[in-house]
Each structure stands twice: as structure tokens, then as C-alpha cells.
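Chemist: Below is final_4.pdb; it holds PDB, C-alpha atoms and all ligand atoms.
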MODEL        1
ATOM      1  CA  ALA V   3      31.930-164.653 116.602
ATOM      2  CA  ALA V   4      30.713-166.721 119.482
ATOM      3  CA  ASN V   5      29.579-170.248 118.969
ATOM      4  CA  TRP V   6      25.991-170.370 120.161
ATOM      5  CA  ARG V   7      24.779-173.471 118.395
ATOM      6  CA  PRO V   8      25.724-176.213 120.899
ATOM      7  CA  ASP V   9      23.227-175.112 123.523
ATOM      8  CA  ALA V  10      20.423-174.069 121.191
ATOM      9  CA  GLN V  11      17.296-176.227 121.272
ATOM     10  CA  THR V  12      15.750-176.779 117.882
ATOM     11  CA  PHE V  13      12.054-176.694 117.031
ATOM     12  CA  GLY V  14      12.249-177.226 113.285
ATOM     13  CA  ARG V  15      13.212-173.929 111.674
ATOM     14  CA  ILE V  16      12.921-172.240 115.063
ATOM     15  CA  LEU V  17      15.786-172.364 117.570
ATOM     16  CA  LEU V  18      15.782-171.351 121.218
ATOM     17  CA  TYR V  19      19.006-170.014 122.670
ATOM     18  CA  GLN V  20      19.650-168.655 126.148
ATOM     19  CA  GLY V  21      22.262-165.923 126.323
ATOM     20  CA  ASP V  22      23.395-162.557 125.033
ATOM     21  CA  ILE V  23      22.001-161.670 121.604
ATOM     22  CA  THR V  24      25.057-159.528 120.802
ATOM     23  CA  ARG V  25      27.045-162.782 120.603
ATOM     24  CA  VAL V  26      24.656-164.513 118.228
ATOM     25  CA  ASP V  27      26.036-165.089 114.759
ATOM     26  CA  THR V  28      22.925-164.936 112.578
ATOM     27  CA  ASP V  29      22.588-162.840 109.388
ATOM     28  CA  ALA V  30      20.616-160.328 111.444
ATOM     29  CA  ILE V  31      19.748-159.766 115.071
ATOM     30  CA  VAL V  32      16.668-157.773 116.011
ATOM     31  CA  ASN V  33      16.937-154.790 118.319
ATOM     32  CA  ALA V  34      14.164-153.695 120.674
ATOM     33  CA  ALA V  35      14.708-150.055 119.742
ATOM     34  CA  ASN V  36      12.786-146.916 120.646
ATOM     35  CA  SER V  37      11.163-144.703 118.036
ATOM     36  CA  SER V  38      14.010-142.160 118.090
ATOM     37  CA  LEU V  39      16.423-144.915 116.936
ATOM     38  CA  LEU V  40      19.096-143.098 118.962
ATOM     39  CA  GLY V  41      19.780-145.833 121.460
ATOM     40  CA  GLY V  42      18.605-146.595 124.954
ATOM     41  CA  GLY V  43      19.053-149.122 127.721
ATOM     42  CA  GLY V  44      18.541-152.859 127.834
ATOM     43  CA  VAL V  45      19.229-154.848 124.721
ATOM     44  CA  ASP V  46      19.397-151.641 122.649
ATOM     45  CA  GLY V  47      22.294-150.332 124.733
ATOM     46  CA  ALA V  48      24.041-153.699 124.590
ATOM     47  CA  ILE V  49      23.729-153.854 120.780
ATOM     48  CA  HIS V  50      25.123-150.344 120.291
ATOM     49  CA  ARG V  51      27.971-150.994 122.744
ATOM     50  CA  ALA V  52      28.962-154.254 121.081
ATOM     51  CA  GLY V  53      28.329-153.139 117.496
ATOM     52  CA  GLY V  54      30.117-149.803 117.673
ATOM     53  CA  PRO V  55      29.377-146.390 116.110
ATOM     54  CA  ALA V  56      28.545-147.587 112.577
ATOM     55  CA  ILE V  57      25.098-148.714 113.731
ATOM     56  CA  LEU V  58      24.215-145.400 115.374
ATOM     57  CA  GLU V  59      25.495-143.506 112.343
ATOM     58  CA  GLU V  60      23.059-145.374 110.081
ATOM     59  CA  CYS V  61      20.259-144.926 112.614
ATOM     60  CA  ARG V  62      20.882-141.161 112.538
ATOM     61  CA  GLN V  63      20.642-141.173 108.734
ATOM     62  CA  ILE V  64      17.354-143.078 108.847
ATOM     63  CA  LYS V  65      16.011-140.687 111.479
ATOM     64  CA  ALA V  66      17.003-137.680 109.353
ATOM     65  CA  ARG V  67      15.262-139.232 106.341
ATOM     66  CA  GLN V  68      12.040-140.532 107.906
ATOM     67  CA  GLY V  69      11.927-139.058 111.419
ATOM     68  CA  GLY V  70      12.507-142.255 113.366
ATOM     69  CA  CYS V  71      10.593-145.525 113.439
ATOM     70  CA  PRO V  72       6.919-145.807 114.470
ATOM     71  CA  THR V  73       5.819-148.499 116.929
ATOM     72  CA  GLY V  74       5.375-151.844 115.189
ATOM     73  CA  GLU V  75       7.617-150.999 112.249
ATOM     74  CA  ALA V  76      11.212-152.007 111.504
ATOM     75  CA  VAL V  77      14.329-150.664 109.793
ATOM     76  CA  LEU V  78      17.582-152.342 108.755
ATOM     77  CA  THR V  79      21.154-151.210 109.460
ATOM     78  CA  THR V  80      24.600-152.713 109.386
ATOM     79  CA  GLY V  81      25.637-154.937 112.252
ATOM     80  CA  GLY V  82      28.876-152.980 112.607
ATOM     81  CA  ALA V  83      31.305-154.945 114.760
ATOM     82  CA  LEU V  84      28.708-157.549 115.790
ATOM     83  CA  PRO V  85      28.994-161.146 114.607
ATOM     84  CA  ALA V  86      25.637-160.576 112.876
ATOM     85  CA  SER V  87      25.895-158.719 109.534
ATOM     86  CA  TYR V  88      22.748-156.649 110.093
ATOM     87  CA  VAL V  89      20.553-155.252 112.822
ATOM     88  CA  ILE V  90      16.800-155.010 112.335
ATOM     89  CA  HIS V  91      15.555-152.266 114.655
ATOM     90  CA  THR V  92      11.910-152.618 115.612
ATOM     91  CA  VAL V  93       9.949-150.555 118.100
ATOM     92  CA  GLY V  94       7.761-152.534 120.469
ATOM     93  CA  PRO V  95       4.703-151.157 122.227
ATOM     94  CA  VAL V  96       4.903-149.918 125.808
ATOM     95  CA  TRP V  97       2.607-152.145 127.929
ATOM     96  CA  ASN V  98      -0.339-150.104 129.090
ATOM     97  CA  GLY V  99      -2.662-152.714 130.548
ATOM     98  CA  GLY V 100      -3.339-154.481 127.256
ATOM     99  CA  THR V 101      -6.215-152.337 125.990
ATOM    100  CA  LYS V 102      -4.190-149.925 123.857
ATOM    101  CA  GLY V 103      -3.560-152.221 120.892
ATOM    102  CA  GLU V 104      -0.377-153.627 122.404
ATOM    103  CA  ALA V 105      -0.887-157.180 121.069
ATOM    104  CA  GLU V 106      -1.410-156.082 117.470
ATOM    105  CA  LEU V 107       1.548-153.684 117.648
ATOM    106  CA  LEU V 108       3.799-156.409 119.047
ATOM    107  CA  ALA V 109       2.648-158.811 116.301
ATOM    108  CA  ASN V 110       3.499-156.098 113.762
ATOM    109  CA  CYS V 111       7.061-155.943 115.141
ATOM    110  CA  TYR V 112       7.589-159.634 114.383
ATOM    111  CA  ARG V 113       5.844-159.521 110.973
ATOM    112  CA  ASN V 114       7.627-156.399 109.796
ATOM    113  CA  SER V 115      11.037-157.607 111.026
ATOM    114  CA  LEU V 116      10.580-160.935 109.231
ATOM    115  CA  ARG V 117       9.348-159.210 106.067
ATOM    116  CA  LEU V 118      12.442-156.972 106.088
ATOM    117  CA  ALA V 119      14.641-160.044 106.532
ATOM    118  CA  ALA V 120      12.955-161.858 103.638
ATOM    119  CA  GLU V 121      13.166-158.796 101.367
ATOM    120  CA  ASN V 122      16.888-158.621 102.044
ATOM    121  CA  GLN V 123      17.418-162.348 101.429
ATOM    122  CA  LEU V 124      18.522-162.957 105.008
ATOM    123  CA  THR V 125      18.786-166.615 105.944
ATOM    124  CA  SER V 126      18.811-166.403 109.745
ATOM    125  CA  VAL V 127      17.394-163.894 112.228
ATOM    126  CA  ALA V 128      17.534-163.761 116.041
ATOM    127  CA  PHE V 129      14.881-162.020 118.166
ATOM    128  CA  PRO V 130      15.070-160.803 121.765
ATOM    129  CA  GLY V 131      11.843-160.604 123.769
ATOM    130  CA  ILE V 132      10.663-157.336 122.273
ATOM    131  CA  SER V 133       8.876-155.083 124.815
ATOM    132  CA  THR V 134       9.434-157.539 127.690
ATOM    133  CA  GLY V 135      12.039-155.434 129.522
ATOM    134  CA  ILE V 136      11.693-151.726 130.200
ATOM    135  CA  TYR V 137       8.448-151.608 128.129
ATOM    136  CA  GLY V 138       6.793-154.009 130.588
ATOM    137  CA  TYR V 139       4.963-156.450 128.290
ATOM    138  CA  PRO V 140       4.076-159.636 130.246
ATOM    139  CA  LYS V 141       6.612-162.238 129.134
ATOM    140  CA  ALA V 142       4.227-165.163 128.568
ATOM    141  CA  ASP V 143       1.802-163.080 126.498
ATOM    142  CA  ALA V 144       4.680-161.659 124.472
ATOM    143  CA  ALA V 145       6.157-165.121 123.845
ATOM    144  CA  ARG V 146       2.767-166.430 122.671
ATOM    145  CA  ILE V 147       2.562-163.642 120.092
ATOM    146  CA  ALA V 148       6.204-164.056 119.057
ATOM    147  CA  VAL V 149       5.867-167.805 118.480
ATOM    148  CA  ARG V 150       2.516-167.477 116.683
ATOM    149  CA  GLU V 151       3.775-164.776 114.320
ATOM    150  CA  VAL V 152       7.080-166.480 113.537
ATOM    151  CA  GLN V 153       5.383-169.821 112.855
ATOM    152  CA  ALA V 154       2.821-168.173 110.580
ATOM    153  CA  PHE V 155       5.480-166.277 108.662
ATOM    154  CA  LEU V 156       7.739-169.294 108.208
ATOM    155  CA  LYS V 157       4.817-171.306 106.889
ATOM    156  CA  GLY V 158       4.288-168.816 104.070
ATOM    157  CA  ASN V 159       7.905-167.872 103.276
ATOM    158  CA  GLU V 160      11.146-169.688 102.452
ATOM    159  CA  LEU V 161      13.251-166.943 104.048
ATOM    160  CA  PRO V 162      14.410-166.574 106.674
ATOM    161  CA  ALA V 163      15.279-170.269 106.822
ATOM    162  CA  THR V 164      15.988-170.104 110.564
ATOM    163  CA  VAL V 165      14.665-167.925 113.369
ATOM    164  CA  VAL V 166      16.313-167.899 116.798
ATOM    165  CA  PHE V 167      14.455-166.818 119.922
ATOM    166  CA  VAL V 168      17.004-165.463 122.379
ATOM    167  CA  ALA V 169      16.023-165.814 126.019
ATOM    168  CA  TYR V 170      18.201-163.637 128.185
ATOM    169  CA  ASP V 171      17.602-165.572 131.386
ATOM    170  CA  GLU V 172      16.277-168.904 132.566
ATOM    171  CA  GLU V 173      12.768-167.627 133.219
ATOM    172  CA  ALA V 174      12.478-166.285 129.693
ATOM    173  CA  ARG V 175      13.798-169.566 128.334
ATOM    174  CA  TRP V 176      11.166-171.482 130.276
ATOM    175  CA  VAL V 177       8.411-169.220 128.941
ATOM    176  CA  TYR V 178       9.482-169.830 125.329
ATOM    177  CA  GLU V 179       9.758-173.568 125.954
ATOM    178  CA  GLN V 180       6.123-173.634 127.075
ATOM    179  CA  GLU V 181       5.004-171.878 123.885
ATOM    180  CA  LEU V 182       7.173-173.908 121.540
TER     181      LEU V 182
HETATM  182  P1  LIG V 201      11.997-153.089 125.701
HETATM  183  O1  LIG V 201      12.208-151.621 125.918
HETATM  184  O2  LIG V 201      11.451-153.401 124.316
HETATM  185  O3  LIG V 201      11.220-153.730 126.784
HETATM  186  P2  LIG V 201      14.521-154.130 126.800
HETATM  187  O4  LIG V 201      15.846-154.021 126.168
HETATM  188  O5  LIG V 201      14.289-153.412 128.062
HETATM  189  O6  LIG V 201      13.466-153.692 125.649
HETATM  190  O7  LIG V 201      14.177-155.654 127.031
HETATM  191  C1  LIG V 201      13.792-156.541 126.019
HETATM  192  C2  LIG V 201      14.212-157.936 126.395
HETATM  193  O8  LIG V 201      15.591-158.096 126.079
HETATM  194  C3  LIG V 201      14.076-158.275 127.873
HETATM  195  O9  LIG V 201      13.459-159.548 127.983
HETATM  196  C4  LIG V 201      15.512-158.325 128.379
HETATM  197  O10 LIG V 201      15.666-159.292 129.409
HETATM  198  C5  LIG V 201      16.240-158.763 127.138
HETATM  199  N1  LIG V 201      17.671-158.429 127.041
HETATM  200  C6  LIG V 201      18.359-157.436 127.638
HETATM  201  N2  LIG V 201      19.652-157.465 127.265
HETATM  202  C7  LIG V 201      19.781-158.518 126.405
HETATM  203  C8  LIG V 201      20.873-159.106 125.694
HETATM  204  N3  LIG V 201      22.110-158.593 125.756
HETATM  205  N4  LIG V 201      20.627-160.193 124.921
HETATM  206  C9  LIG V 201      19.384-160.715 124.829
HETATM  207  N5  LIG V 201      18.320-160.212 125.475
HETATM  208  C10 LIG V 201      18.518-159.127 126.258
ENDMDL
END
Starting from the coordinates I provided, produce the structure as C-alpha cells.

Modeler:
Amino acid sequence: AANWRPDAQTFGRILLYQGDITRVDTDAIVNAANSSLLGGGGVDGAIHRAGGPAILEECRQIKARQGGCPTGEAVLTTGGALPASYVIHTVGPVWNGGTKGEAELLANCYRNSLRLAAENQLTSVAFPGISTGIYGYPKADAARIAVREVQAFLKGNELPATVVFVAYDEEARWVYEQEL
């Protein structure tokens, strides 16, 4: 498990880390999945590559049981070979100009992921910028929603104790810094 803590900035219970989420050693990392749960590109591909087949196997079982994961909702699987014990798969909205309920759906991703973490007694959770890659959500707007929802949830709940925002590049890090 990689040691990410030295270059994380802390904002109380919220940390900001720049790097690869597959190397982050929190109880759970969040995946920006698609509704099929069967894997894709971007962070989803990286998580399945690094975590190995156990994650996809559980995703297949969930899909067989409930037909996938609707936008805004979240499901929990093993972390397989990742340093994180679990993966929370949430499905972000595809950006469509902002008038198709994208903001509320993105907020739901954060709320439902955090609720799942709390229900499973998880102490620490790391989030990528859900929807801000292939799904095209403007990064600053997405970061504003992410920070607002995480702060609101932490105010009302003891768990998770720590939430890490993972910025994949310097621009994303800067955007989170502005919001935090
Ligand atoms: P979506 O389809 O929800 O937009 P993407 O995976 O395309 O999901 O991108 C989501 C965000 O994850 C983007 O900001 C992208 O830069 C970032 N990202 C991609 N790979 C990684 C990684 N290995 N670790 C952390 N963040 C990543």
C-alpha cells in the first residue's frame, strides 16, 4: 500500500491528495462507474486493472441481482487487490448542458456513497472527481457540489471520520483548493 499521507493537505476531516486513487489506502475508494457496473475507461478501468477480477465478479453478481446501478446511486464491493478494502461504485450523470438534473444527480452520488460508507462503519473514504472525465461535468461546478455535500454529510455523521478528495492532476487540485 502506497504512502499517500505526506503530500495530502488537510482541511479538518477533509484531505486533498493529488495522485492515483488506486494507490490510496483508505477503507474505501469511490469508483466513477457506469450503470452496467461492468467496467469502462478512466478511473473505472484503472480501479479494475489494479484491483483484479474479484471486483468485477462482485459487480456481475450485483448486476444479476438488481440490473446494474442507476445514476446517482452507489453499491459496495470488495477492494480486491487494492490497498483499499472496499470500492464504492457510484454512477455520475453525463453532462448535458446542466439542465437535465445533473447537479442533483451528482450530489446524490456523494450523499449515497457517504451513506453506504457510514452504514458499513467505514472510517475513511476517497473520492475521484465523479463525472469530470469522460462524462464531461465542468470541474469547478463538480468540485463545488462535492465539497458542499461532503461537508454537509460530515457535519451530521461521525462516520466516515475522514474523506479524501483525489485530484488526478494539478488543475484538478487547484480547483479543489479554491473550493476548500
Ligand atoms: P466519468 O465517466 O465519471 O467522467 P472518468 O474516469 O472519465 O469518469 O473521470 C473521472 C475523474 O477521474 C476525472 O477527473 C479523471 O481525471 C480522474 N481520474 C482518472 N484516472 C484516475 C486515477 N487513476 N486516479 C484518480 N483520478 C483519476

Chemist: Within 10 Å of (18.7, -170.0, 116.9), in the coordinates the file gives, what residues turn up when you count only C-alpha atoms, written out as a list in words?

Modeler: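 Checking each residue against the 10 Å limit leaves Trp6, Arg7, Asp9, Ala10, Gln11, Thr12, Phe13, Arg15, Ile16, Leu17, Leu18, Tyr19, Gln20, Val26, Asp27, Thr28, Ser126, Val127, Ala128, Phe129, Thr164, Val165, Val166, Phe167 and Val168 of chain V.
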
Chemist: Which residues are near ligand LIG 201 (chain V) in this structure, taking near to mean any atom at most 6 Å from a ligand atom and counting only C-alpha atoms and all ligand atoms? Format them as a CSV table (one decimal) with C-alpha atoms, keeping the file's coordinate frame.

Modeler:
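Output file out-v9.csv follows:
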chain,number,residue,atom,x,y,z
V,22,ASP,CA,23.4,-162.6,125.0
V,23,ILE,CA,22.0,-161.7,121.6
V,24,THR,CA,25.1,-159.5,120.8
V,34,ALA,CA,14.2,-153.7,120.7
V,44,GLY,CA,18.5,-152.9,127.8
V,45,VAL,CA,19.2,-154.8,124.7
V,46,ASP,CA,19.4,-151.6,122.6
V,48,ALA,CA,24.0,-153.7,124.6
V,94,GLY,CA,7.8,-152.5,120.5
V,130,PRO,CA,15.1,-160.8,121.8
V,131,GLY,CA,11.8,-160.6,123.8
V,132,ILE,CA,10.7,-157.3,122.3
V,133,SER,CA,8.9,-155.1,124.8
V,134,THR,CA,9.4,-157.5,127.7
V,135,GLY,CA,12.0,-155.4,129.5
V,136,ILE,CA,11.7,-151.7,130.2
V,137,TYR,CA,8.4,-151.6,128.1
V,138,GLY,CA,6.8,-154.0,130.6
V,168,VAL,CA,17.0,-165.5,122.4
V,170,TYR,CA,18.2,-163.6,128.2

Chemist: As a list of chain:residue names, please: the residues near Leu78 in chain V (cut-off 9 Å, all atoms listed in the file, same-chain neighbours under 6 positions excluded).

Modeler: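 My list of contacting residues is V:Ala30, V:Glu60, V:Cys61, V:Tyr88, V:Val89, V:Ile90, V:His91, V:Thr92, V:Ser115, V:Leu118, V:Ala119.
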
Chemist: So which residues get picked by the PyMOL selection byres (((chain V and resi 76) around 12) and not hetatm) here, written as a VMD selection string?

Modeler: chain V and resid 32 to 37 39 61 64 70 to 75 77 to 79 89 to 94 107 to 119

Chemist: Out of V:His50, V:Lys65, V:Lys141, V:Arg146, which residue has the shortest atom-to-atom distance to Leu84 in chain V when counting only C-alpha atoms?

Modeler: V:His50

Chemist: What is the CA of Ala145 in chain V to CA of Pro162 in chain V distance in Å?

Modeler: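 A separation of 19.1 Å between them.
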
Chemist: Enumerate, as a PyMOL selection string, the residues matched when the PyMOL selection byres (((chain V and resi 180) around 12) and not hetatm) is run on the file above.

Modeler: chain V and resi 18+141-143+145-146+149+173-179+181-182

Chemist: Quick one: of V:Gln153, V:Gln68, V:Gln63, V:Asn159, who's nearest to Glu121 in chain V, counting all atoms listed in the file?

Modeler: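 Closest candidate: V:Asn159.
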
Chemist: So, counting only C-alpha atoms, which residue among V:Tyr139, V:Ala66, V:Asp29, V:Leu58 is closest to Glu104 in chain V?

Modeler: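 Smallest separation from Glu104 in chain V among the options: V:Tyr139.
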
Chemist: As an exercise, work out the distance from CA of Ala144 in chain V to CA of Gly43 in chain V in Å and give it to one decimal place.

Modeler: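 So the answer is 19.3 Å.
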
Chemist: Kindly give the distance, in Å, that separates CA of Ala163 in chain V and CA of Ser87 in chain V, rounded to a single decimal.

Modeler: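 CA of Ser87 in chain V lies at a distance of 15.9 Å from CA of Ala163 in chain V.
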
Chemist: Would you mind telling me which residue in V:Gly54, V:Arg25, V:Pro95, V:Leu40 lies nearest to Gly69 in chain V when using only C-alpha atoms?

Modeler: V:Leu40

Chemist: Of the candidates V:Ala120, V:Ile57, V:Ala83, V:Ala105, which shows the shortest atom-to-atom distance to Ala148 in chain V, using all atoms listed in the file?

Modeler: V:Ala105

Chemist: Taking all atoms of range 33-49 of chain V that the file lists and extending 6 Å past them on each side, where is the centre of the axis-aligned box and how long are its edges? Answer in Å to one decimal, as AutoDock Vina command-line options.

Modeler:
--center_x 17.6 --center_y -148.5 --center_z 122.4 --size_x 24.9 --size_y 24.7 --size_z 22.9
